[in-house]
Each structure stands twice: as structure tokens, then as C-alpha cells.
Amino acid sequence: MSKRLLVGVFESEDDTLAAIRASRQRGFKIVDVYAPYAVHGVEEAMGLAPSRLPWVVFALGVLGGGLKVWFEFWTTAVDWPVNVGGKPFNSLPAFVPVTFEVLVLFAAVGAVLSFVFVCRLYPAKRAVLPVAGVTDNRFAVVLEQTDSTFEPVEVQQMFEKLHAVHVEEQITGEVA
Amino acid sequence: MAEAAVALRPPLIEGDKSIAQVTHDVCAPMEARPTALWWAALGVSSSMLLLGVVAVTYEISVGVGTWGLNRTVGWAFDITNFVFWIGIGHAGTLISAILFLFRQRWRTSVNRAAEAMTIFAVMCAGIFPVIHTGRPWFAYWMFPYPNTRGSLWINFRSPLVWDFFAISTYLTVSALFWFVGMLPDLATIRDRATAKWRRKLAGVLSLGWNGSYRTWQRYEVMYLMLAGLGTPLVISVHTIVSWDFATAVLPGWHSTIFPPYFVAGAIFSGMAMVLTLMIIARRLMHLEEYITLRHIDRMCKLVITTSGIVGLSYATEFFTALYSGSSYEQFVFLNRALGPLFWGYWTMVGCNVLIPQLLWFRKVRTHVPAVFAICILVNVGMWFERFIIIVTSLSRDFIPANWFHYAPTRVEVATLLGSFGLFFTLFLLFCRFIPVIAVAEVKAVLKYSKPRLESAHE
């Protein structure tokens, strides 16, 4: 299904924020915003739901730590108990350091893997930029022309009033 | 009132840069041909690396008998080097994770290089325990895998096993942190590269990053998670390294002060090494407007703080020895200060406690050559600290009949030089191929200290 998009290109974060707010106020559908760096306040302005990543990381950390405690207990106290300096086979306090490290390892690797999975990033993926320069010094606000009430010329004027350097219409086949 | 205070704050980046200028300033030196100075530095460091490779090959083929170890002193140069490098490797995560959580935005100019330094230092550190096993081809025995010997599992009560897990986790997490921190910059390189190979390589590594804000939002959350995990991790790693010693019953090692003492020492030496490298890098790559005197000033303040903690620990150790009433403890500390290695002890006190006191003066903190000299001395002092802790405690323990001296052999010195060679070779390659400054993060702090009004078009 093809989509008609309107891309407003800006050169400062303040203008971009103003454009996002104005678009939201008028009820336009913001497909995405592109920026060369993380701009404070864009996610609130776009109205993005907070990420659920912290829960995933928490769950993975608990899983990693839990598995490790079980593994240490099983190897040292069940599978082949070895008497080391007369210490008890199940030396729980001595298992704490390794458990902590494995917990952090699971949580950190899990955080990165779930991030790349959710954002569909993978090695050698072809990057699709709305306009050139969004990884350098340009900001882009991409709106979708949802229905006939969307007046491209009017929106273009709105963007230009907010110091857009360039506004263009794009028609895409499939937006990733 | 708050507005006025914000407006008075000096900017983090000097020279009133535009966003595009930041990209250009950081990326242009990488795209130009390397300078003669760079080649010369690479020549020196790779020769040192080669020397180290020769020394390690000789040691592995002949055995640990090529080192100056004996039945009394079974740990010396190699473990000193291990703790030294691991300590250096602590500043990167301190800057990238702890200062991130504390919202210290000046970190953006130095975090990339500091993280790189961390990874390289941990790689250098990892070599020493492996070659010290004497049979490094069995190093994988540290890993708890099902085997044909029983399965005989590893001993999870052993601090050396804790160490193995701590360091491999630290290396993995630091490398991940470094890589994901670089994603937006790799995309920037990909999109501006003219050389085909550079565009291809950056294209593969940047994972298709396109600056989409839906990605940025999750990225920020993920980065915060990694910083939150990295902070306790960095503290745990040197704590566990200190347990290698503290869990032994040897006087001078068996002490509860070791974890905080080692962590402070690690941050101290790491900061000094970051400063050393940044002072060189800002000069070589012309980044004086990004790594400003303010950055150096702030890092110096961290050095003086941690120097204070280290000095307090030295004093506390002496007091505890006195107060414990244990003649063995008391002897160890008197032996450190007045025994055969007294010169090492006083080098350590001089370099770690006395000389850094100069950093109380703003004039010294903003005088770059002075800071450079102090940082080099701090690293010398911190190397001696580990050497003194390890060797004096081992060489003279409970029974005088067991006492023995230790002196390093040429092979050991060559191995140490080789680790410096590895470290600097990797760092020089890093300066050539990866943006030394986190471009996307610096762009975000360009407006720091500028009130919103000023940047509006009206």
C-alpha cells in the first residue's frame, strides 16, 4: 500500500520541536521524526508511549541471576560435591559475586539485543533516510497525508513559517 | 534568576560551533591521510608490541621459570600488571556510566576515547592471568562446561573464578556500551564517506541507523539501562580483584578496606590515564575546542578526590595494623615503609598522595604540561602501589625462614613493555578509524548554557 508523505526539513531543534507540536495540535499523523542527535522533549511532543525495555531488562537480569544461583548450587552441592577447605557444599554467600556478574551480563546483553530486535536494526541493513543530512545537521518531520482534509500546501506554509529549510512530498511503497 | 545563572555558565564546547561543523571537525582528520607523527608513534608502539610478543612466546615455550618468581614470591610482576591495567580500565566506564547517571554533560567530549581506553586496558590486563597459568592453552578450563573429567566443575568459591567472570562480563559490557554508543556516529560516517570501503564498512556496522526518533527513544532508554548496569559492574570488578588478595590470610592483604581502597585507586589511575591520552589526542587531532581546559580541570578534580581517598587508605592501613595488636600486621607495614623495597613505597606515596596535592591550585589544573607530568607520575605511583602490596606481603610473611627476595627478569620487563605496546597500538588505530569524540552527543550539548531565546530566529 502506498503512502503519501509530507517531509518538513529543519535545521534547529527548537524549530523541529515547534513543528512537531503544531502538527500534533492540528491532528496530523506524525509518521516519524529524524534527528542527528537525541533532542530533549521530542518524545513527549510526539506523544510516544514510554519504552517497555526496562521491564525486559529487569526480567532478563532476574533470569540470569536465578539460573546462575541454581547452576552454582547444582554443580557444587549436587552433581559433584568437592570438599574445598572444609567449606559447606552449598556455600551461598560465596556464590554472590559470580551471580551478580552473570545477572549484569544477561541484563546488558539482553538490553542491547532487545533494542536491536525491536528497532529492526541488523548488520548491513540498508539505511532509509527521509532526506540526506539527518545524520549530520538536518532534522526531519514526516507527516502522513491520511485523507482528503490534509492540505499539503497549507501544511507546507505552516512548516515554512516555522523556518523549514525545505518541504517535500514523497510517495512510498512500503515504509519500514 | 535561574535563567541568568544558566546564561552565565561557560559553554562546554568552545568556538560557537554549528552542528555541521562538529561532524566535520571530528570526521575530517580520519578522512585525511595519517600524519608522519602518527606513523612514528605507531612505529614505536608496534615495536614495543613485537617485543612483548617475543617475550610471551619465549615464556610460553620455556615456562614460567623464565620469570623471577620463586617458592616464596609466587605472584609478582604479572599480577601487578594485571591489577594495574584493570585499574586503568575503570575510568572509561566511570565517565560513560557514572557521570552519565549524574548528568555531568561535560563527559560527552571524552567518553568515547575513555571507553576505548577501557576496552584496550582490559584486553592488556586479561593477558597476564592467562600467561601466568603457565599452560595458557588450558585457559578455557576456567569456564564451567560439561567435560570428560567427571564432569569436574570449577570451584565457585574461588576468587580467581569470580575474577574470570567479573573481567569477562566487564569486557563484554564495556564493548557493547562502546559499540551502541557509536551507532549514530557510524551512521554519520556512512552518510558522509567518499571512500567506498569506508561507506561499506560503516554501512555494515551502523545496522541501518537512520536517526528515526522511534529508534532514538528506545536507544536513550537502552543507554540508560546500560549505564545503570555498568555503574555497579565497574565497582564490582575492582572489588573482586581486591578479593583475590583480601580473601588470603596474608598480613597486609587480609583486610576489609581492600575493596573501597582498590576501587578508588582504580578510578584514580584510570582518570590519570584518560587525562594523559586526552592531552595527547587533543593536540594531535586539533580538538582543543572540544576537549577544553574546563574538561581537564574537572578531570583533575576527580584525580585529587580519589588521591585523597587513596591517601586516607594508606593511613588507615597503618592505623589498623597498629590498632590490631597483631605483630605480623605491624611488621608488614613497617617493612613496606622501611624494608628493602622502601624506595618503591615512598615512590608510591610521593606520586599518589603528595604530588597530586598540586592539583588544588587552579593554575596547575589549567596548565596542560603540568597536568600531563602529574598524570604520568600518578600512573607510575599506582603501578608501584600494586607492586608493593603484592611483593612485600609475599616476600616476608609469617616465618623468617621462608623469606625471599624478588627481582624481575628481562622477560617480565619486556612483557610489561609489550602490554604498553598493545595498548598504544590499539589506541592509535582507534584514533584513525573511529571518531574520537561522540559526535551525536556533543551536538546535543552545543546549546548547553545558551538560553533558548538566543537561538531563536527573531
# chains A, B, ... in the order shown; residues from 1 in each chain; ligands from 1

$ interface_residues --of "chain B" --to "chain A" --cutoff "6 Å" --atoms "only C-alpha atoms" --output "count of residues only"
19

$ residues_around --residues "Gly47 (chain A)" --least-positions-apart "6" --cutoff "10 Å" --atoms "only C-alpha atoms" --output "MDAnalysis selection string"
chainID A and resid 20:21 24 30 41

$ select_by_dssp --residues "region 9-123 of chain A" --states "helix (DSSP H, G or I)" --output "number ranges by chain"
A: 13-25, 42-46, 53-79, 92-118

$ atom_distance --atom1 "CA of Ser158 (chain B)" --atom2 "CA of Phe120 (chain B)"
26.2 Å

$ residues_around --residues "Cys300 (chain B)" --least-positions-apart "4" --cutoff "9 Å" --atoms "only C-alpha atoms" --output "VMD selection string"
chain B and resid 271 to 272 275 295 to 296 304 to 305 356 359 to 360 365 371

$ write_last_selection --atoms "N, CA and C atoms" --output "PDB file, in the first residue's frame"
ATOM      1  N   MET B 271      41.646   7.791  35.688  1.00  0.00           N
ATOM      2  CA  MET B 271      41.477   9.205  35.342  1.00  0.00           C
ATOM      3  C   MET B 271      42.795   9.794  34.860  1.00  0.00           C
ATOM      4  N   ALA B 272      43.870   9.420  35.551  1.00  0.00           N
ATOM      5  CA  ALA B 272      45.179   9.937  35.155  1.00  0.00           C
ATOM      6  C   ALA B 272      45.522   9.477  33.741  1.00  0.00           C
ATOM      7  N   LEU B 275      43.424  11.371  31.188  1.00  0.00           N
ATOM      8  CA  LEU B 275      43.979  12.717  31.012  1.00  0.00           C
ATOM      9  C   LEU B 275      45.218  12.667  30.127  1.00  0.00           C
ATOM     10  N   HIS B 295      37.388  20.805  30.716  1.00  0.00           N
ATOM     11  CA  HIS B 295      37.334  19.351  30.851  1.00  0.00           C
ATOM     12  C   HIS B 295      38.519  18.860  31.662  1.00  0.00           C
ATOM     13  N   ILE B 296      39.691  19.390  31.325  1.00  0.00           N
ATOM     14  CA  ILE B 296      40.902  18.960  32.028  1.00  0.00           C
ATOM     15  C   ILE B 296      40.787  19.334  33.499  1.00  0.00           C
ATOM     16  N   ILE B 304      42.232  14.532  42.147  1.00  0.00           N
ATOM     17  CA  ILE B 304      42.603  14.947  43.506  1.00  0.00           C
ATOM     18  C   ILE B 304      41.673  14.301  44.536  1.00  0.00           C
ATOM     19  N   THR B 305      40.391  14.147  44.189  1.00  0.00           N
ATOM     20  CA  THR B 305      39.454  13.491  45.122  1.00  0.00           C
ATOM     21  C   THR B 305      39.881  12.058  45.398  1.00  0.00           C
ATOM     22  N   PRO B 356      49.920  14.834  43.675  1.00  0.00           N
ATOM     23  CA  PRO B 356      48.592  15.309  43.255  1.00  0.00           C
ATOM     24  C   PRO B 356      48.067  16.498  44.066  1.00  0.00           C
ATOM     25  N   LEU B 359      47.312  19.754  42.512  1.00  0.00           N
ATOM     26  CA  LEU B 359      46.097  19.996  41.742  1.00  0.00           C
ATOM     27  C   LEU B 359      45.058  20.801  42.513  1.00  0.00           C
ATOM     28  N   TRP B 360      45.341  21.129  43.768  1.00  0.00           N
ATOM     29  CA  TRP B 360      44.431  22.029  44.488  1.00  0.00           C
ATOM     30  C   TRP B 360      44.446  23.409  43.841  1.00  0.00           C
ATOM     31  N   ARG B 365      45.910  23.112  37.528  1.00  0.00           N
ATOM     32  CA  ARG B 365      44.894  22.321  36.828  1.00  0.00           C
ATOM     33  C   ARG B 365      44.676  22.778  35.395  1.00  0.00           C
ATOM     34  N   VAL B 371      49.770  19.211  34.179  1.00  0.00           N
ATOM     35  CA  VAL B 371      48.793  18.138  34.386  1.00  0.00           C
ATOM     36  C   VAL B 371      49.313  16.840  33.771  1.00  0.00           C
TER      37      VAL B 371
END

$ closest_residue --among "B:Gly89, B:Pro184, B:Gly381, B:Pro10" --to "Leu293 (chain B)" --atoms "only C-alpha atoms"
B:Pro10

$ residues_around --residues "Arg71 (chain B)" --least-positions-apart "5" --cutoff "12 Å" --atoms "only C-alpha atoms" --output "list of chain:residue names"
B:Gly65, B:Ala76, B:Leu394, B:Ser395, B:Asn402, B:Trp403, B:Phe404, B:His405, B:Tyr406

$ write_last_selection --atoms "C-alpha atoms" --output "PDB file, in the first residue's frame"
ATOM      1  CA  GLY B  65      60.689 -20.305  35.198  1.00  0.00           C
ATOM      2  CA  ALA B  76      54.761 -10.540  41.337  1.00  0.00           C
ATOM      3  CA  LEU B 394      54.589 -12.280  49.921  1.00  0.00           C
ATOM      4  CA  SER B 395      58.344 -11.957  50.315  1.00  0.00           C
ATOM      5  CA  ASN B 402      60.562 -18.549  54.266  1.00  0.00           C
ATOM      6  CA  TRP B 403      61.637 -15.025  53.416  1.00  0.00           C
ATOM      7  CA  PHE B 404      62.998 -14.428  49.968  1.00  0.00           C
ATOM      8  CA  HIS B 405      63.665 -11.553  47.636  1.00  0.00           C
ATOM      9  CA  TYR B 406      62.108 -10.988  44.299  1.00  0.00           C
TER      10      TYR B 406
END

$ residues_around --residues "Pro152 (chain A)" --least-positions-apart "2" --cutoff "10 Å" --atoms "only C-alpha atoms" --output "PyMOL selection string"
chain A and resi 5-6+145+148-150+154-158+167-169

$ residues_around --residues "Phe433 (chain B)" --least-positions-apart "3" --cutoff "10 Å" --atoms "only C-alpha atoms" --output "list in words"
Cys27, Pro29, Met30, Glu31, Arg198, Leu428, Leu429, Phe430 and Val436 of chain B

$ write_last_selection --atoms "N, CA and C atoms" --output "mmCIF file, in the first residue's frame"
data_model
loop_
_atom_site.group_PDB
_atom_site.id
_atom_site.type_symbol
_atom_site.label_atom_id
_atom_site.label_comp_id
_atom_site.auth_asym_id
_atom_site.auth_seq_id
_atom_site.Cartn_x
_atom_site.Cartn_y
_atom_site.Cartn_z
ATOM 1 N N CYS B 27 35.203 14.265 11.989
ATOM 2 C CA CYS B 27 35.386 13.253 10.936
ATOM 3 C C CYS B 27 36.527 13.578 9.977
ATOM 4 N N PRO B 29 39.707 14.684 10.293
ATOM 5 C CA PRO B 29 41.046 14.120 10.495
ATOM 6 C C PRO B 29 41.127 12.629 10.151
ATOM 7 N N MET B 30 39.988 11.901 10.292
ATOM 8 C CA MET B 30 40.019 10.475 9.973
ATOM 9 C C MET B 30 40.085 10.243 8.479
ATOM 10 N N GLU B 31 39.493 11.202 7.728
ATOM 11 C CA GLU B 31 39.418 11.009 6.284
ATOM 12 C C GLU B 31 40.696 11.475 5.592
ATOM 13 N N ARG B 198 35.039 2.723 3.165
ATOM 14 C CA ARG B 198 34.605 3.295 4.437
ATOM 15 C C ARG B 198 33.075 3.306 4.523
ATOM 16 N N LEU B 428 46.111 4.096 18.981
ATOM 17 C CA LEU B 428 46.433 4.871 17.773
ATOM 18 C C LEU B 428 45.545 4.451 16.609
ATOM 19 N N LEU B 429 45.285 3.154 16.489
ATOM 20 C CA LEU B 429 44.397 2.695 15.424
ATOM 21 C C LEU B 429 42.995 3.241 15.647
ATOM 22 N N PHE B 430 42.574 3.256 16.911
ATOM 23 C CA PHE B 430 41.266 3.820 17.258
ATOM 24 C C PHE B 430 41.162 5.273 16.792
ATOM 25 N N VAL B 436 36.936 10.056 17.538
ATOM 26 C CA VAL B 436 37.449 10.081 18.915
ATOM 27 C C VAL B 436 36.461 10.749 19.854
#

$ residues_around --residues "Pro369 (chain B)" --least-positions-apart "5" --cutoff "12 Å" --atoms "only C-alpha atoms" --output "PyMOL selection string"
chain B and resi 275-276+279-280+283+293+296+363-364+374-376

$ write_last_selection --atoms "C-alpha atoms" --output "mmCIF file, in the first residue's frame"
data_model
loop_
_atom_site.group_PDB
_atom_site.id
_atom_site.type_symbol
_atom_site.label_atom_id
_atom_site.label_comp_id
_atom_site.auth_asym_id
_atom_site.auth_seq_id
_atom_site.Cartn_x
_atom_site.Cartn_y
_atom_site.Cartn_z
ATOM 1 C CA LEU B 275 43.979 12.717 31.012
ATOM 2 C CA THR B 276 47.318 11.580 29.590
ATOM 3 C CA ILE B 279 46.075 15.683 26.327
ATOM 4 C CA ILE B 280 47.920 13.880 23.544
ATOM 5 C CA ARG B 283 46.870 18.176 20.470
ATOM 6 C CA LEU B 293 40.712 23.408 29.730
ATOM 7 C CA ILE B 296 40.902 18.960 32.028
ATOM 8 C CA LYS B 363 46.776 27.434 37.906
ATOM 9 C CA VAL B 364 48.180 23.891 37.935
ATOM 10 C CA ILE B 374 51.414 14.801 37.217
ATOM 11 C CA CYS B 375 49.302 12.184 35.441
ATOM 12 C CA ILE B 376 52.338 10.245 34.261
#

$ select_by_dssp --residues "region 8-172 of chain A" --states "strand (DSSP E)" --output "list in words"
Gly8, Val9, Phe10, Lys29, Ile30, Val31, Asp32, Val33, Tyr34, Phe139, Ala140, Val141, Val142, Leu143, Glu144, His166, Val167, Glu168, Glu169, Gln170, Ile171 and Thr172 of chain A

$ atom_distance --atom1 "CA of Trp137 (chain B)" --atom2 "CA of Val69 (chain A)"
28.6 Å

$ decode --residues "region 59-174 of chain B" --atoms "C-alpha atoms" --output "PDB file, in the first residue's frame"
ATOM      1  CA  GLU B  59      57.817 -17.562  28.282  1.00  0.00           C
ATOM      2  CA  ILE B  60      55.153 -19.909  26.973  1.00  0.00           C
ATOM      3  CA  SER B  61      57.615 -22.192  25.217  1.00  0.00           C
ATOM      4  CA  VAL B  62      60.110 -22.348  28.105  1.00  0.00           C
ATOM      5  CA  GLY B  63      57.788 -21.945  31.108  1.00  0.00           C
ATOM      6  CA  VAL B  64      57.168 -19.513  33.975  1.00  0.00           C
ATOM      7  CA  GLY B  65      60.689 -20.305  35.198  1.00  0.00           C
ATOM      8  CA  THR B  66      61.799 -17.507  32.870  1.00  0.00           C
ATOM      9  CA  TRP B  67      60.269 -15.120  35.378  1.00  0.00           C
ATOM     10  CA  GLY B  68      61.867 -14.095  38.668  1.00  0.00           C
ATOM     11  CA  LEU B  69      59.254 -15.946  40.738  1.00  0.00           C
ATOM     12  CA  ASN B  70      60.323 -18.337  43.480  1.00  0.00           C
ATOM     13  CA  ARG B  71      58.660 -20.542  46.077  1.00  0.00           C
ATOM     14  CA  THR B  72      58.070 -17.577  48.384  1.00  0.00           C
ATOM     15  CA  VAL B  73      57.040 -14.960  45.855  1.00  0.00           C
ATOM     16  CA  GLY B  74      54.667 -16.758  43.517  1.00  0.00           C
ATOM     17  CA  TRP B  75      52.865 -13.647  42.333  1.00  0.00           C
ATOM     18  CA  ALA B  76      54.761 -10.540  41.337  1.00  0.00           C
ATOM     19  CA  PHE B  77      55.185  -8.668  38.090  1.00  0.00           C
ATOM     20  CA  ASP B  78      52.412 -10.289  36.130  1.00  0.00           C
ATOM     21  CA  ILE B  79      49.706  -9.837  38.764  1.00  0.00           C
ATOM     22  CA  THR B  80      50.947  -6.280  39.368  1.00  0.00           C
ATOM     23  CA  ASN B  81      50.498  -5.578  35.670  1.00  0.00           C
ATOM     24  CA  PHE B  82      47.108  -7.256  35.692  1.00  0.00           C
ATOM     25  CA  VAL B  83      45.792  -5.098  38.546  1.00  0.00           C
ATOM     26  CA  PHE B  84      47.434  -2.018  37.042  1.00  0.00           C
ATOM     27  CA  TRP B  85      45.716  -2.445  33.667  1.00  0.00           C
ATOM     28  CA  ILE B  86      42.359  -3.398  35.156  1.00  0.00           C
ATOM     29  CA  GLY B  87      42.584  -0.235  37.249  1.00  0.00           C
ATOM     30  CA  ILE B  88      43.270   1.870  34.153  1.00  0.00           C
ATOM     31  CA  GLY B  89      40.238   0.251  32.609  1.00  0.00           C
ATOM     32  CA  HIS B  90      37.936   1.695  35.246  1.00  0.00           C
ATOM     33  CA  ALA B  91      37.876   5.313  34.162  1.00  0.00           C
ATOM     34  CA  GLY B  92      36.065   4.647  30.896  1.00  0.00           C
ATOM     35  CA  THR B  93      33.014   3.166  32.495  1.00  0.00           C
ATOM     36  CA  LEU B  94      33.190   5.729  35.264  1.00  0.00           C
ATOM     37  CA  ILE B  95      32.995   8.513  32.690  1.00  0.00           C
ATOM     38  CA  SER B  96      30.448   6.851  30.460  1.00  0.00           C
ATOM     39  CA  ALA B  97      28.164   5.300  33.085  1.00  0.00           C
ATOM     40  CA  ILE B  98      28.550   7.014  36.451  1.00  0.00           C
ATOM     41  CA  LEU B  99      28.932  10.547  35.097  1.00  0.00           C
ATOM     42  CA  PHE B 100      26.030   9.841  32.745  1.00  0.00           C
ATOM     43  CA  LEU B 101      23.788   8.933  35.671  1.00  0.00           C
ATOM     44  CA  PHE B 102      24.939  12.078  37.478  1.00  0.00           C
ATOM     45  CA  ARG B 103      24.045  14.139  34.396  1.00  0.00           C
ATOM     46  CA  GLN B 104      27.572  15.512  34.023  1.00  0.00           C
ATOM     47  CA  ARG B 105      27.229  16.678  30.463  1.00  0.00           C
ATOM     48  CA  TRP B 106      30.889  17.567  30.032  1.00  0.00           C
ATOM     49  CA  ARG B 107      31.533  13.840  29.728  1.00  0.00           C
ATOM     50  CA  THR B 108      30.402  13.886  26.087  1.00  0.00           C
ATOM     51  CA  SER B 109      33.765  15.167  24.833  1.00  0.00           C
ATOM     52  CA  VAL B 110      35.789  12.455  26.496  1.00  0.00           C
ATOM     53  CA  ASN B 111      33.572   9.391  26.861  1.00  0.00           C
ATOM     54  CA  ARG B 112      34.311   7.755  23.510  1.00  0.00           C
ATOM     55  CA  ALA B 113      38.078   7.817  23.998  1.00  0.00           C
ATOM     56  CA  ALA B 114      37.761   6.820  27.646  1.00  0.00           C
ATOM     57  CA  GLU B 115      35.608   3.814  26.758  1.00  0.00           C
ATOM     58  CA  ALA B 116      38.053   2.772  24.051  1.00  0.00           C
ATOM     59  CA  MET B 117      40.848   3.057  26.586  1.00  0.00           C
ATOM     60  CA  THR B 118      38.860   0.857  28.976  1.00  0.00           C
ATOM     61  CA  ILE B 119      38.461  -1.911  26.447  1.00  0.00           C
ATOM     62  CA  PHE B 120      42.127  -1.836  25.442  1.00  0.00           C
ATOM     63  CA  ALA B 121      43.279  -1.766  29.062  1.00  0.00           C
ATOM     64  CA  VAL B 122      41.067  -4.724  29.967  1.00  0.00           C
ATOM     65  CA  MET B 123      42.487  -6.617  26.979  1.00  0.00           C
ATOM     66  CA  CYS B 124      46.022  -5.898  28.239  1.00  0.00           C
ATOM     67  CA  ALA B 125      45.002  -6.971  31.741  1.00  0.00           C
ATOM     68  CA  GLY B 126      43.463 -10.214  30.516  1.00  0.00           C
ATOM     69  CA  ILE B 127      46.755 -11.397  29.052  1.00  0.00           C
ATOM     70  CA  PHE B 128      48.542 -11.604  32.402  1.00  0.00           C
ATOM     71  CA  PRO B 129      46.437 -14.141  34.336  1.00  0.00           C
ATOM     72  CA  VAL B 130      46.268 -16.267  31.196  1.00  0.00           C
ATOM     73  CA  ILE B 131      50.031 -16.418  30.683  1.00  0.00           C
ATOM     74  CA  HIS B 132      50.555 -16.758  34.412  1.00  0.00           C
ATOM     75  CA  THR B 133      48.700 -20.071  34.391  1.00  0.00           C
ATOM     76  CA  GLY B 134      51.846 -21.421  32.720  1.00  0.00           C
ATOM     77  CA  ARG B 135      49.729 -23.502  30.352  1.00  0.00           C
ATOM     78  CA  PRO B 136      47.605 -20.855  28.652  1.00  0.00           C
ATOM     79  CA  TRP B 137      46.250 -23.363  26.156  1.00  0.00           C
ATOM     80  CA  PHE B 138      44.132 -24.698  29.024  1.00  0.00           C
ATOM     81  CA  ALA B 139      42.719 -21.270  29.909  1.00  0.00           C
ATOM     82  CA  TYR B 140      39.277 -22.442  28.833  1.00  0.00           C
ATOM     83  CA  TRP B 141      39.240 -24.688  31.913  1.00  0.00           C
ATOM     84  CA  MET B 142      38.098 -21.566  33.778  1.00  0.00           C
ATOM     85  CA  PHE B 143      34.790 -21.907  32.007  1.00  0.00           C
ATOM     86  CA  PRO B 144      32.187 -24.193  33.639  1.00  0.00           C
ATOM     87  CA  TYR B 145      31.496 -26.521  30.732  1.00  0.00           C
ATOM     88  CA  PRO B 146      30.487 -30.207  30.898  1.00  0.00           C
ATOM     89  CA  ASN B 147      33.730 -32.136  30.475  1.00  0.00           C
ATOM     90  CA  THR B 148      35.082 -35.665  30.338  1.00  0.00           C
ATOM     91  CA  ARG B 149      36.789 -35.379  33.706  1.00  0.00           C
ATOM     92  CA  GLY B 150      33.729 -36.131  35.729  1.00  0.00           C
ATOM     93  CA  SER B 151      32.249 -33.516  34.989  1.00  0.00           C
ATOM     94  CA  LEU B 152      34.566 -31.800  37.405  1.00  0.00           C
ATOM     95  CA  TRP B 153      33.148 -28.334  37.836  1.00  0.00           C
ATOM     96  CA  ILE B 154      35.086 -25.194  38.658  1.00  0.00           C
ATOM     97  CA  ASN B 155      35.207 -24.018  42.250  1.00  0.00           C
ATOM     98  CA  PHE B 156      32.702 -21.191  42.563  1.00  0.00           C
ATOM     99  CA  ARG B 157      34.084 -20.283  45.998  1.00  0.00           C
ATOM    100  CA  SER B 158      37.407 -19.224  44.489  1.00  0.00           C
ATOM    101  CA  PRO B 159      38.114 -15.501  43.985  1.00  0.00           C
ATOM    102  CA  LEU B 160      40.024 -16.382  40.822  1.00  0.00           C
ATOM    103  CA  VAL B 161      36.825 -17.782  39.327  1.00  0.00           C
ATOM    104  CA  TRP B 162      34.986 -14.650  40.458  1.00  0.00           C
ATOM    105  CA  ASP B 163      37.685 -12.667  38.723  1.00  0.00           C
ATOM    106  CA  PHE B 164      37.263 -14.596  35.490  1.00  0.00           C
ATOM    107  CA  PHE B 165      33.521 -13.887  35.485  1.00  0.00           C
ATOM    108  CA  ALA B 166      33.953 -10.254  36.532  1.00  0.00           C
ATOM    109  CA  ILE B 167      36.501  -9.456  33.863  1.00  0.00           C
ATOM    110  CA  SER B 168      34.817 -11.271  31.016  1.00  0.00           C
ATOM    111  CA  THR B 169      31.497  -9.617  31.899  1.00  0.00           C
ATOM    112  CA  TYR B 170      33.203  -6.247  32.176  1.00  0.00           C
ATOM    113  CA  LEU B 171      34.909  -6.626  28.812  1.00  0.00           C
ATOM    114  CA  THR B 172      31.657  -7.726  27.135  1.00  0.00           C
ATOM    115  CA  VAL B 173      29.520  -4.984  28.657  1.00  0.00           C
ATOM    116  CA  SER B 174      32.125  -2.249  28.012  1.00  0.00           C
TER     117      SER B 174
END
